[in-house]
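Reproduced below: my_file_21.tsv, with TSV, C-alpha atoms.
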chain	number	residue	atom	x	y	z
A	1	MET	CA	57.25	26.01	50.95
A	2	THR	CA	57.56	22.47	52.32
A	3	GLY	CA	55.60	20.35	49.83
A	4	VAL	CA	52.98	18.11	51.44
A	5	THR	CA	51.05	20.12	54.01
A	6	ASP	CA	48.87	17.45	55.65
A	7	LEU	CA	51.26	14.96	57.23
A	8	ASP	CA	48.51	13.49	59.41
A	9	ALA	CA	46.65	12.47	56.25
A	10	LEU	CA	49.81	10.88	54.86
A	11	ALA	CA	50.37	9.03	58.13
A	12	ALA	CA	46.90	7.51	57.87
A	13	LEU	CA	47.71	6.22	54.35
A	14	TYR	CA	51.36	5.25	54.45
A	15	PRO	CA	52.65	2.92	53.15
A	16	GLU	CA	49.92	0.78	51.58
A	17	GLN	CA	46.84	2.92	50.96
A	18	PRO	CA	46.56	5.41	48.09
A	19	GLY	CA	44.90	8.67	48.94
A	20	ARG	CA	44.50	12.39	48.42
A	21	LEU	CA	46.84	14.96	49.98
A	22	ARG	CA	47.53	18.71	49.65
A	23	HIS	CA	50.71	20.64	48.84
A	24	ASP	CA	51.94	24.26	48.88
A	25	LEU	CA	54.04	24.41	45.69
A	26	THR	CA	51.49	26.36	43.66
A	27	GLY	CA	53.13	29.32	41.94
A	28	HIS	CA	56.68	28.16	42.66
A	29	PRO	CA	59.02	29.78	40.09
A	30	LEU	CA	60.92	26.54	39.46
A	31	PHE	CA	57.83	25.18	37.67
A	32	GLU	CA	57.42	28.02	35.19
A	33	LEU	CA	57.95	26.91	31.57
A	34	ASP	CA	61.07	29.04	31.09
A	35	ALA	CA	62.64	27.51	34.21
A	36	LEU	CA	61.79	24.01	32.98
A	37	VAL	CA	63.31	24.70	29.53
A	38	ALA	CA	66.49	25.82	31.31
A	39	LEU	CA	66.46	22.71	33.53
A	40	ALA	CA	66.05	20.42	30.53
A	41	GLY	CA	69.06	22.12	28.93
A	42	ARG	CA	71.18	21.31	31.98
A	43	MET	CA	70.12	17.67	32.20
A	44	ARG	CA	71.53	14.62	30.47
A	45	SER	CA	69.53	13.80	27.36
A	46	ALA	CA	68.96	10.27	28.66
A	47	ASP	CA	67.02	11.69	31.61
A	48	VAL	CA	64.52	13.69	29.56
A	49	GLU	CA	61.82	11.49	28.03
A	50	TYR	CA	59.25	13.02	25.69
A	51	ASN	CA	56.65	11.36	23.51
A	52	ARG	CA	53.34	11.83	21.80
A	53	GLY	CA	50.54	12.28	24.25
A	54	ASP	CA	47.66	11.11	22.02
A	55	LEU	CA	48.06	7.53	23.21
A	56	ALA	CA	45.84	4.66	24.24
A	57	VAL	CA	45.75	3.55	27.88
A	58	GLY	CA	47.65	0.41	26.92
A	59	VAL	CA	50.81	0.98	24.85
A	60	ASP	CA	53.26	-1.69	23.69
A	61	PRO	CA	56.71	-0.82	25.09
A	62	ALA	CA	58.13	-1.42	21.61
A	63	ALA	CA	55.80	1.09	19.92
A	64	ASP	CA	57.30	4.20	18.29
A	65	ILE	CA	55.69	7.12	20.14
A	66	PHE	CA	58.36	9.81	19.55
A	67	ASN	CA	56.80	13.22	18.90
A	68	GLY	CA	59.42	14.36	16.36
A	69	LEU	CA	60.35	17.52	18.31
A	70	THR	CA	63.27	18.76	20.37
A	71	VAL	CA	63.03	19.04	24.14
A	72	ALA	CA	62.71	22.84	24.02
A	73	GLU	CA	60.09	22.64	21.25
A	74	THR	CA	58.14	20.12	23.28
A	75	ILE	CA	58.06	22.31	26.39
A	76	ARG	CA	57.45	25.67	24.72
A	77	GLY	CA	54.75	24.28	22.45
A	78	ILE	CA	53.19	21.98	25.01
A	79	GLU	CA	49.79	23.67	24.74
A	80	GLN	CA	49.37	22.62	21.08
A	81	ASN	CA	51.78	19.76	20.28
A	82	ARG	CA	49.89	16.90	21.95
A	83	SER	CA	52.91	15.65	23.88
A	84	TRP	CA	53.82	14.15	27.22
A	85	MET	CA	57.23	14.47	28.82
A	86	VAL	CA	59.08	13.74	32.03
A	87	MET	CA	62.36	15.11	33.36
A	88	LYS	CA	63.85	12.35	35.50
A	89	PHE	CA	66.16	12.55	38.50
A	90	ILE	CA	65.92	16.31	38.92
A	91	GLU	CA	68.03	15.94	42.07
A	92	GLN	CA	71.04	16.01	39.73
A	93	ASP	CA	70.50	19.78	39.50
A	94	PRO	CA	71.57	21.62	42.68
A	95	THR	CA	68.61	24.02	42.71
A	96	TYR	CA	66.01	21.31	42.25
A	97	ARG	CA	67.85	19.00	44.63
A	98	MET	CA	67.45	21.60	47.38
A	99	LEU	CA	63.71	21.72	46.70
A	100	LEU	CA	63.44	17.93	46.66
A	101	ASP	CA	65.40	17.58	49.90
A	102	ASN	CA	63.18	20.13	51.65
A	103	ILE	CA	60.06	18.22	50.58
A	104	LEU	CA	61.35	14.76	51.49
A	105	ASP	CA	62.95	15.83	54.77
A	106	ALA	CA	59.56	17.15	55.88
A	107	LEU	CA	58.06	13.69	55.27
A	108	MET	CA	60.58	11.82	57.41
A	109	PRO	CA	58.56	12.06	60.66
A	110	VAL	CA	55.89	9.95	58.94
A	111	VAL	CA	57.98	7.71	56.72
A	112	GLY	CA	60.94	6.90	58.94
A	113	ASP	CA	58.92	5.41	61.78
A	114	VAL	CA	57.15	3.02	59.40
A	115	THR	CA	59.51	1.89	56.63
A	116	GLY	CA	62.85	3.22	57.86
A	117	PRO	CA	65.31	5.45	55.98
A	118	MET	CA	64.30	7.03	52.68
A	119	LEU	CA	66.55	5.34	50.11
A	120	LYS	CA	67.22	6.51	46.54
A	121	ARG	CA	65.43	9.86	46.91
A	122	GLU	CA	64.43	11.11	43.45
A	123	GLY	CA	62.23	13.67	41.72
A	124	PHE	CA	60.41	13.72	38.39
A	125	ILE	CA	58.67	16.63	36.66
A	126	PHE	CA	55.85	15.83	34.22
A	127	ILE	CA	54.69	18.30	31.55
A	128	SER	CA	51.66	17.31	29.49
A	129	SER	CA	49.53	18.74	26.71
A	130	PRO	CA	45.75	19.07	27.06
A	131	GLY	CA	44.16	15.63	26.94
A	132	ALA	CA	47.48	13.74	26.98
A	133	VAL	CA	47.52	10.18	28.29
A	134	THR	CA	50.25	8.56	30.36
A	135	PRO	CA	49.79	4.82	29.63
A	136	PHE	CA	49.07	2.07	32.16
A	137	HIS	CA	52.21	1.24	34.14
A	138	PHE	CA	53.66	0.86	37.61
A	139	ASP	CA	56.75	2.09	39.45
A	140	PRO	CA	58.94	0.53	42.16
A	141	GLU	CA	58.98	3.55	44.50
A	142	HIS	CA	56.81	5.13	47.15
A	143	ASN	CA	55.51	8.18	45.29
A	144	ILE	CA	53.68	11.44	45.98
A	145	LEU	CA	52.49	13.24	42.85
A	146	MET	CA	51.77	16.96	43.30
A	147	GLN	CA	49.69	18.90	40.77
A	148	VAL	CA	51.32	22.30	40.21
A	149	ARG	CA	49.48	23.52	37.10
A	150	GLY	CA	46.34	22.33	35.30
A	151	THR	CA	44.26	19.27	36.07
A	152	LYS	CA	44.49	15.53	35.51
A	153	ALA	CA	42.77	12.32	36.52
A	154	MET	CA	44.93	9.51	37.86
A	155	THR	CA	43.32	6.06	37.93
A	156	LEU	CA	44.97	3.82	40.52
A	157	PHE	CA	44.59	0.08	40.92
A	158	PRO	CA	45.33	-2.18	43.92
A	159	ALA	CA	49.00	-3.09	44.14
A	160	ASP	CA	48.35	-6.61	45.38
A	161	ASP	CA	45.78	-7.84	42.84
A	162	GLU	CA	47.37	-10.21	40.33
A	163	ALA	CA	44.10	-10.43	38.45
A	164	ILE	CA	44.96	-6.89	37.32
A	165	VAL	CA	48.69	-7.32	36.76
A	166	ALA	CA	49.91	-10.91	36.63
A	167	GLY	CA	52.93	-12.01	38.63
A	168	ILE	CA	54.90	-12.66	35.48
A	169	GLU	CA	54.59	-8.95	34.58
A	170	HIS	CA	56.02	-7.94	37.96
A	171	GLU	CA	58.89	-10.34	37.41
A	172	ARG	CA	59.54	-9.10	33.88
A	173	PHE	CA	59.78	-5.55	35.20
A	174	HIS	CA	62.25	-6.42	37.95
A	175	ILE	CA	64.63	-8.21	35.60
A	176	GLY	CA	64.85	-5.17	33.32
A	177	GLY	CA	61.50	-4.96	31.52
A	178	HIS	CA	59.63	-1.78	30.59
A	179	ARG	CA	57.28	-0.07	33.06
A	180	ASN	CA	54.27	-0.21	30.67
A	181	LEU	CA	51.75	-2.95	31.42
A	182	PRO	CA	49.22	-4.88	29.34
A	183	TRP	CA	45.80	-3.21	29.45
A	184	ARG	CA	42.45	-5.02	29.36
A	185	GLU	CA	39.13	-3.20	29.36
A	186	GLU	CA	37.66	-5.70	31.82
A	187	ILE	CA	39.89	-4.33	34.61
A	188	ALA	CA	38.83	-0.70	34.08
A	189	ASP	CA	36.18	-0.70	36.81
A	190	SER	CA	38.70	-1.94	39.39
A	191	GLY	CA	40.49	1.42	39.36
A	192	ARG	CA	39.96	4.35	41.70
A	193	VAL	CA	39.98	7.76	40.02
A	194	PHE	CA	41.70	10.71	41.70
A	195	ASP	CA	40.77	14.03	40.07
A	196	LEU	CA	43.66	16.40	40.73
A	197	ALA	CA	43.60	20.19	40.50
A	198	VAL	CA	46.27	22.72	41.44
A	199	GLY	CA	47.26	22.18	45.07
A	200	ASP	CA	46.13	18.55	45.10
A	201	ALA	CA	48.46	15.59	45.56
A	202	VAL	CA	48.07	11.83	45.68
A	203	TYR	CA	50.09	9.19	47.47
A	204	VAL	CA	50.83	6.15	45.24
A	205	PRO	CA	52.01	2.96	46.99
A	206	VAL	CA	54.87	0.86	45.63
A	207	LYS	CA	53.90	-0.93	42.41
A	208	ALA	CA	50.31	0.33	42.39
A	209	PRO	CA	49.34	0.21	38.67
A	210	HIS	CA	47.97	3.45	37.26
A	211	TRP	CA	47.33	5.55	34.18
A	212	VAL	CA	46.75	9.28	33.79
A	213	GLN	CA	44.40	11.38	31.64
A	214	ASN	CA	45.30	15.05	31.41
A	215	GLY	CA	42.63	17.75	31.66
A	216	PRO	CA	41.78	20.48	29.12
A	217	GLY	CA	44.84	22.63	29.87
A	218	VAL	CA	48.59	22.23	30.15
A	219	SER	CA	49.57	20.14	33.17
A	220	ILE	CA	52.73	20.35	35.27
A	221	SER	CA	53.24	17.88	38.09
A	222	LEU	CA	56.05	16.93	40.45
A	223	SER	CA	56.59	13.39	41.72
A	224	VAL	CA	58.79	12.93	44.75
A	225	THR	CA	59.82	9.31	45.28
A	226	TRP	CA	61.86	7.14	47.59
A	227	ARG	CA	62.64	3.48	48.08
A	228	SER	CA	62.45	1.58	51.35
A	229	ALA	CA	64.19	-1.58	52.49
A	230	TRP	CA	60.81	-3.27	52.11
A	231	SER	CA	60.47	-2.20	48.48
A	232	TYR	CA	63.87	-3.68	47.66
A	233	MET	CA	62.94	-6.96	49.34
A	234	GLU	CA	59.72	-7.11	47.32
A	235	ALA	CA	61.76	-6.55	44.14
A	236	ASP	CA	64.22	-9.30	45.10
A	237	ALA	CA	61.37	-11.69	45.87
A	238	ARG	CA	59.95	-11.01	42.39
A	239	GLY	CA	63.39	-11.71	40.96
A	240	LEU	CA	63.52	-15.08	42.67
A	241	ASN	CA	60.02	-15.83	41.41
A	242	SER	CA	61.26	-15.24	37.86
A	243	VAL	CA	63.97	-17.86	38.44
A	244	LEU	CA	61.43	-20.31	39.86
A	245	ARG	CA	59.01	-19.70	36.99
A	246	ARG	CA	61.72	-20.39	34.43
A	247	ALA	CA	62.33	-23.65	36.26
A	248	GLY	CA	58.74	-24.66	35.58
A	249	LEU	CA	57.30	-23.80	38.99
A	250	THR	CA	54.36	-21.54	39.86
A	251	PRO	CA	55.65	-19.28	42.65
A	252	THR	CA	53.42	-17.44	45.08
A	253	ALA	CA	53.40	-13.66	45.01
A	254	PRO	CA	55.43	-11.73	47.60
A	255	LYS	CA	53.31	-10.48	50.46
A	256	ARG	CA	52.66	-6.79	50.91
A	257	PHE	CA	53.92	-4.63	53.78
A	258	PRO	CA	54.59	-5.27	56.66
A	259	ASN	CA	55.64	-8.75	55.50
A	260	ARG	CA	59.35	-8.59	54.67
A	261	ASN	CA	59.62	-11.42	52.12
A	262	LEU	CA	63.02	-12.09	53.67
A	263	PRO	CA	63.67	-15.72	52.60
A	264	LYS	CA	63.00	-15.03	48.91
A	265	SER	CA	64.89	-11.77	49.07
A	266	LEU	CA	67.95	-13.41	50.56
A	267	GLY	CA	67.69	-16.27	48.08
A	268	TYR	CA	67.74	-13.93	45.10
A	269	ARG	CA	70.62	-11.90	46.51
A	270	ILE	CA	72.66	-15.10	46.81
A	271	ILE	CA	71.83	-16.01	43.21
A	272	ARG	CA	72.91	-12.56	42.03
A	273	LYS	CA	76.15	-12.80	43.97
A	274	VAL	CA	76.93	-16.22	42.49
A	275	ARG	CA	76.20	-14.92	38.98
A	276	ARG	CA	78.59	-12.00	39.52
A	277	LEU	CA	81.33	-14.34	40.74
A	278	LEU	CA	80.85	-16.66	37.76
A	279	ALA	CA	80.93	-13.72	35.37
The structure given in the file should be rewritten as structure tokens.
Amino acid sequence: MTGVTDLDALAALYPEQPGRLRHDLTGHPLFELDALVALAGRMRSADVEYNRGDLAVGVDPAADIFNGLTVAETIRGIEQNRSWMVMKFIEQDPTYRMLLDNILDALMPVVGDVTGPMLKREGFIFISSPGAVTPFHFDPEHNILMQVRGTKAMTLFPADDEAIVAGIEHERFHIGGHRNLPWREEIADSGRVFDLAVGDAVYVPVKAPHWVQNGPGVSISLSVTWRSAWSYMEADARGLNSVLRRAGLTPTAPKRFPNRNLPKSLGYRIIRKVRRLLA
């Protein structure tokens, strides 16, 4: 099993266009519930996030959404307990790291020629109850989500449209803010819905806002992610924009790939270095 099976399709999308892919992880024993309970028991508690799944699309990051269960209770009772959970950074576990490396290494012929080395290679396993909602948010990585069990609908929005997510929200995120984003019903029709069944995958570009609605059964999904030099420069440019905004200016948004945003990136790195020296 190698993960994504249609590299030509990924090549046509990468790095800026979302789109549907296929994978060959269906039936893999590492995604059985007993194996996932065992994995959760080996992981640091800080890297296992689990919440109620009966949520709105837009959720205040400060809201209390804890489901009141233990990790094992959440996984074993996932069919009835209306929960949503993610095990983060599964590469910390040797067995899952081997799986992640096999998947990501197979993508290098596509990725490396476009955005260079795969940096900060990470994996995330999502386990969701029937009907559970993952609220509206974005992530800083290049991401392929693979549906291993059940169905879900992922609604993706353009990464470069600040009418959907304002620049100040990008900046807040990159200076330590929560991933959840403000939701407004008037943006709903701007999203593109990807209906995912077992064997389906979707490529999600860096910072493409999205939310997820689980189907009528238990869902298990794997996200494999990586950063690129470009993604770090975009993050630095957003950091500089936060400095400029606090100074009363209205900065322009960083440009999307292949623009490197080098001047702003270098500027923010200098500011960070000066802050460290002063500290």
task = Identify which of the residues A:Asn67, A:Asn180, A:Asn259, A:Ala229 lies closest to Lys120 in chain A, counting all atoms listed in the file when measuring atom-to-atom distances.
result =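 With all atoms listed in the file as the atom set, the closest residue is A:Ala229.
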note = From the list A:Ile127, A:Leu104, A:Val114, A:Ala63, the nearest residue to Val37 in chain A using all atoms listed in the file is A:Ile127
ask   = Counting all atoms listed in the file, which of A:Met118, A:Leu240, A:Val148, A:Val198 gets nearest to Ile175 in chain A?
value =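 For Ile175 in chain A, the nearest of the candidates is A:Leu240.
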message = Neighbouring residues of Arg260 in chain A were defined as those with any atom within 8 Å, considering only C-alpha atoms; residues of the same chain fewer than 4 positions away were excluded. Please report them as a PyMOL selection string.
response = chain A and resi 230+233-234+255-256
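Of the listed residues A:Glu185, A:Ser228, A:Val204, A:Arg269, the one whose atoms come nearest to Pro117 in chain A is A:Ser228, with distances taken using all atoms listed in the file.
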task = Point out the residue among A:Pro94, A:Pro182, A:Pro205, A:Pro61 with the least atom-to-atom distance to Phe136 in chain A, counting all atoms listed in the file.
result = A:Pro182
key: Nearest-residue call for Phe194 in chain A, choices A:Ala9, A:Ser129, A:Arg245, A:Val212, using only C-alpha atoms   =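 Of A:Ala9, A:Ser129, A:Arg245, A:Val212, the one nearest Phe194 in chain A, counting only C-alpha atoms, is A:Val212.
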task = Tell me, as a PyMOL selection string, which residues lie within 10 Å of Glu16 in chain A, counting all atoms listed in the file; anything in the same chain fewer than 6 positions away does not count.
result = chain A and resi 142+158-160+203-206+208+256-258
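For the pair CA of Met85 in chain A and CA of Ala106 in chain A, the interatomic distance is 27.3 Å.
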Expected answer as a tab-separated table (two decimals) with C-alpha atoms, keeping the file's coordinate frame: all residues with atoms within 8 Å of (42.3, 14.9, 27.7), all atoms listed in the file:
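See out.tsv below for the written result:
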chain	number	residue	atom	x	y	z
A	130	PRO	CA	45.75	19.07	27.06
A	131	GLY	CA	44.16	15.63	26.94
A	132	ALA	CA	47.48	13.74	26.98
A	133	VAL	CA	47.52	10.18	28.29
A	213	GLN	CA	44.40	11.38	31.64
A	214	ASN	CA	45.30	15.05	31.41
A	215	GLY	CA	42.63	17.75	31.66
A	216	PRO	CA	41.78	20.48	29.12
ask   = Any idea what the distance is between CA of Leu156 in chain A and CA of Asp200 in chain A?
value = 15.5 Å
key: Polymer residues at most 9 Å from Tyr268 in chain A, only C-alpha atoms, same-chain spacing of 3 or more positions, as a PyMOL selection string   = chain A and resi 236-241+243+263-265+271-273
